[in-house]
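Have a look at the structure below, then the notes.
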Amino acid sequence: MKDKKIEQLSLDVHFFSKEVKDYAKAKFCHQEFNHHQGQLLMVLAENPDFNQAQLAKKLEITPATLSVRLKKLEDSGYVRRIENPDDKRNYRLVVSPKGLENIAAIKRSFKEMSKAIFSCLDDQEIDQLSKLINKCRNNLKDKKTC
């Protein structure tokens with residue numbers, strides 16, 4: 001019986017994740033960047049001394065994925081790479097003035113998304129859900145292979 005419940009829960013999580021992703025896409029459809037790039041801009045604005053390795057770790061994405069997102073933001077004028085004079089292979093990432101102009105709107109969009117998703121929960125349910133999600137994430141950390 002538990003296996004059936006776990007299978008159903010897995011499907012529920014999958015479809016919930018898809019709904020959140022679709023909602024995020026719709027929330028950012030009028031922007032020049034998507035929700036992933038918006039998140040990247042927001043994190044970079046809050047951590048201006050991050051290099052690419054630190055940023056990828058913070059966002060929990062691969063360096064290759066980060067490079068693609070950064071390239072698009074750089075090409076659009078939202079981010080600049082500044083070469084480190086002491087190490088030509090290491091760049092400092094900086095949110096451009098154009099990027100900074102969008103930070104408040106990005107934060108507002110993410111706040112509205114979070115409210116739309118979780119406002120149906122009371123404080124106790126929010127705490128419980130947070131604990132359960134973190135428990136499952138920690139359970140997965142030592143099971144990754146390949």
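In the structure tokens, chains take the letters A, B, ... in the order shown, each chain's residues start at 1, and ligands count up from 1 in the order shown.
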
Practice task
Determine, counting only C-alpha atoms, which protein, DNA and RNA residues have an atom within 9 Å of an atom of region 19-34 of chain A; residues of the same chain fewer than 6 positions away are not included. Present the result as a ChimeraX atom specification.
Solution key: /A:72-73,76,106,109-110,113,117

Problem - Spatial neighbours of Asn47 (chain A), 10 Å, only C-alpha atoms, chain gap at least 4 places, as a list in words - result: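 Listing them by chain and then by number gives Leu41, Met42, Val43, Asn51, Gln54, Leu55, Lys58, Leu93, Val94 and Val95 of chain A.
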
Problem - Distance of CA of Ser96 (chain A) from CA of Arg80 (chain A), expressed in Å to one decimal place - result: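 Interatomic distance, CA of Arg80 (chain A) to CA of Ser96 (chain A): 6.2 Å.
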
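Among the candidates A:Leu70, A:Ala45, A:Leu129, A:Val13, the one nearest to Glu101 (chain A) when counting only C-alpha atoms is A:Ala45.
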
Exercise for the section: Would you please give, as a PyMOL selection string, all residues of chain A that DSSP assigns to helix (DSSP H, G or I) based on the backbone? Expected result: chain A and resi 2-27+35-46+52-59+63-75+97-118+123-141

Would you mind exporting C-alpha atoms of the selected residues as a compact mmCIF listing (two decimals), in the first residue's frame?
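Wrote it out as selection_39.txt, contents follow:
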# COMPACT_ATOMS: atom_id res chain seq x y z
CA LYS A 2 2.83 2.41 0.85
CA ASP A 3 4.42 1.83 -2.58
CA LYS A 4 1.19 2.89 -4.31
CA LYS A 5 0.99 6.01 -2.17
CA ILE A 6 4.62 6.85 -2.95
CA GLU A 7 4.00 6.40 -6.68
CA GLN A 8 0.99 8.72 -6.50
CA LEU A 9 2.90 11.25 -4.45
CA SER A 10 5.71 11.17 -7.00
CA LEU A 11 3.21 11.93 -9.76
CA ASP A 12 1.64 14.69 -7.67
CA VAL A 13 5.06 16.30 -7.12
CA HIS A 14 5.87 16.01 -10.83
CA PHE A 15 2.63 17.67 -11.91
CA PHE A 16 2.88 20.31 -9.19
CA SER A 17 6.40 21.13 -10.40
CA LYS A 18 5.11 21.42 -13.96
CA GLU A 19 2.30 23.76 -12.85
CA VAL A 20 4.78 25.98 -11.00
CA LYS A 21 7.08 26.06 -14.03
CA ASP A 22 4.20 26.93 -16.37
CA TYR A 23 3.01 29.65 -13.98
CA ALA A 24 6.53 31.10 -13.79
CA LYS A 25 6.80 31.14 -17.59
CA ALA A 26 3.50 33.02 -17.80
CA LYS A 27 4.57 35.47 -15.10
CA HIS A 35 12.16 33.23 -14.74
CA HIS A 36 15.47 31.35 -14.55
CA GLN A 37 17.35 34.37 -15.85
CA GLY A 38 15.33 36.63 -13.53
CA GLN A 39 16.37 34.50 -10.58
CA LEU A 40 19.98 34.65 -11.76
CA LEU A 41 19.85 38.48 -11.96
CA MET A 42 18.31 38.70 -8.50
CA VAL A 43 20.92 36.40 -6.91
CA LEU A 44 23.77 38.17 -8.70
CA ALA A 45 22.49 41.60 -7.58
CA GLU A 46 22.47 40.32 -3.99
CA GLN A 52 30.58 31.84 -12.14
CA ALA A 53 31.42 28.83 -9.96
CA GLN A 54 29.92 30.44 -6.87
CA LEU A 55 26.83 31.56 -8.77
CA ALA A 56 26.25 28.09 -10.26
CA LYS A 57 26.54 26.54 -6.80
CA LYS A 58 24.11 29.06 -5.27
CA LEU A 59 21.57 28.48 -8.06
CA PRO A 63 28.33 25.65 -14.92
CA ALA A 64 27.26 24.87 -18.52
CA THR A 65 23.63 25.82 -17.80
CA LEU A 66 24.81 28.98 -16.09
CA SER A 67 26.97 29.90 -19.10
CA VAL A 68 23.99 29.68 -21.45
CA ARG A 69 21.83 31.84 -19.18
CA LEU A 70 24.61 34.36 -18.64
CA LYS A 71 25.34 34.62 -22.37
CA LYS A 72 21.72 35.53 -23.11
CA LEU A 73 21.65 38.10 -20.31
CA GLU A 74 24.99 39.52 -21.41
CA ASP A 75 23.87 39.75 -25.06
CA PRO A 97 22.35 49.38 -14.89
CA LYS A 98 19.73 47.94 -17.27
CA GLY A 99 19.63 44.79 -15.15
CA LEU A 100 19.42 46.72 -11.90
CA GLU A 101 16.39 48.62 -13.26
CA ASN A 102 14.54 45.28 -13.40
CA ILE A 103 15.45 43.87 -9.98
CA ALA A 104 12.44 45.36 -8.14
CA ALA A 105 10.03 43.96 -10.76
CA ILE A 106 11.73 40.55 -10.63
CA LYS A 107 11.44 40.42 -6.84
CA ARG A 108 7.81 41.49 -7.06
CA SER A 109 7.08 38.75 -9.62
CA PHE A 110 8.67 36.05 -7.45
CA LYS A 111 6.83 37.33 -4.37
CA GLU A 112 3.53 37.26 -6.27
CA MET A 113 4.28 33.74 -7.52
CA SER A 114 5.06 32.48 -4.02
CA LYS A 115 1.90 34.08 -2.68
CA ALA A 116 -0.23 32.58 -5.45
CA ILE A 117 1.21 29.13 -4.85
CA PHE A 118 1.28 29.00 -1.05
CA ASP A 123 1.54 29.01 8.99
CA GLN A 124 1.63 25.50 10.45
CA GLU A 125 1.12 23.90 7.02
CA ILE A 126 3.86 26.08 5.53
CA ASP A 127 6.29 25.00 8.26
CA GLN A 128 5.31 21.36 7.84
CA LEU A 129 5.62 21.44 4.04
CA SER A 130 9.00 23.13 4.27
CA LYS A 131 10.27 20.48 6.69
CA LEU A 132 8.95 17.65 4.51
CA ILE A 133 10.47 19.05 1.31
CA ASN A 134 13.84 19.52 3.01
CA LYS A 135 13.66 16.02 4.46
CA CYS A 136 13.08 14.56 0.98
CA ARG A 137 15.84 16.71 -0.57
CA ASN A 138 18.31 15.56 2.09
CA ASN A 139 17.25 11.97 1.50
CA LEU A 140 18.14 12.33 -2.19
CA LYS A 141 21.54 13.95 -1.64

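When DSSP is run on the backbone, the residues of region 30-83 of chain A that fall into strand (DSSP E) are Val79, Arg80, Arg81, Ile82 and Glu83 of chain A.
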
Exercise for the section: For each of A:Asp122, A:Asp142, A:Ile61, A:Phe50, take the minimum atom-to-atom distance to Arg81 (chain A), counting only C-alpha atoms, then give the residue where this is smallest. Expected result: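 Using only C-alpha atoms, the shortest distance to Arg81 (chain A) belongs to A:Phe50.
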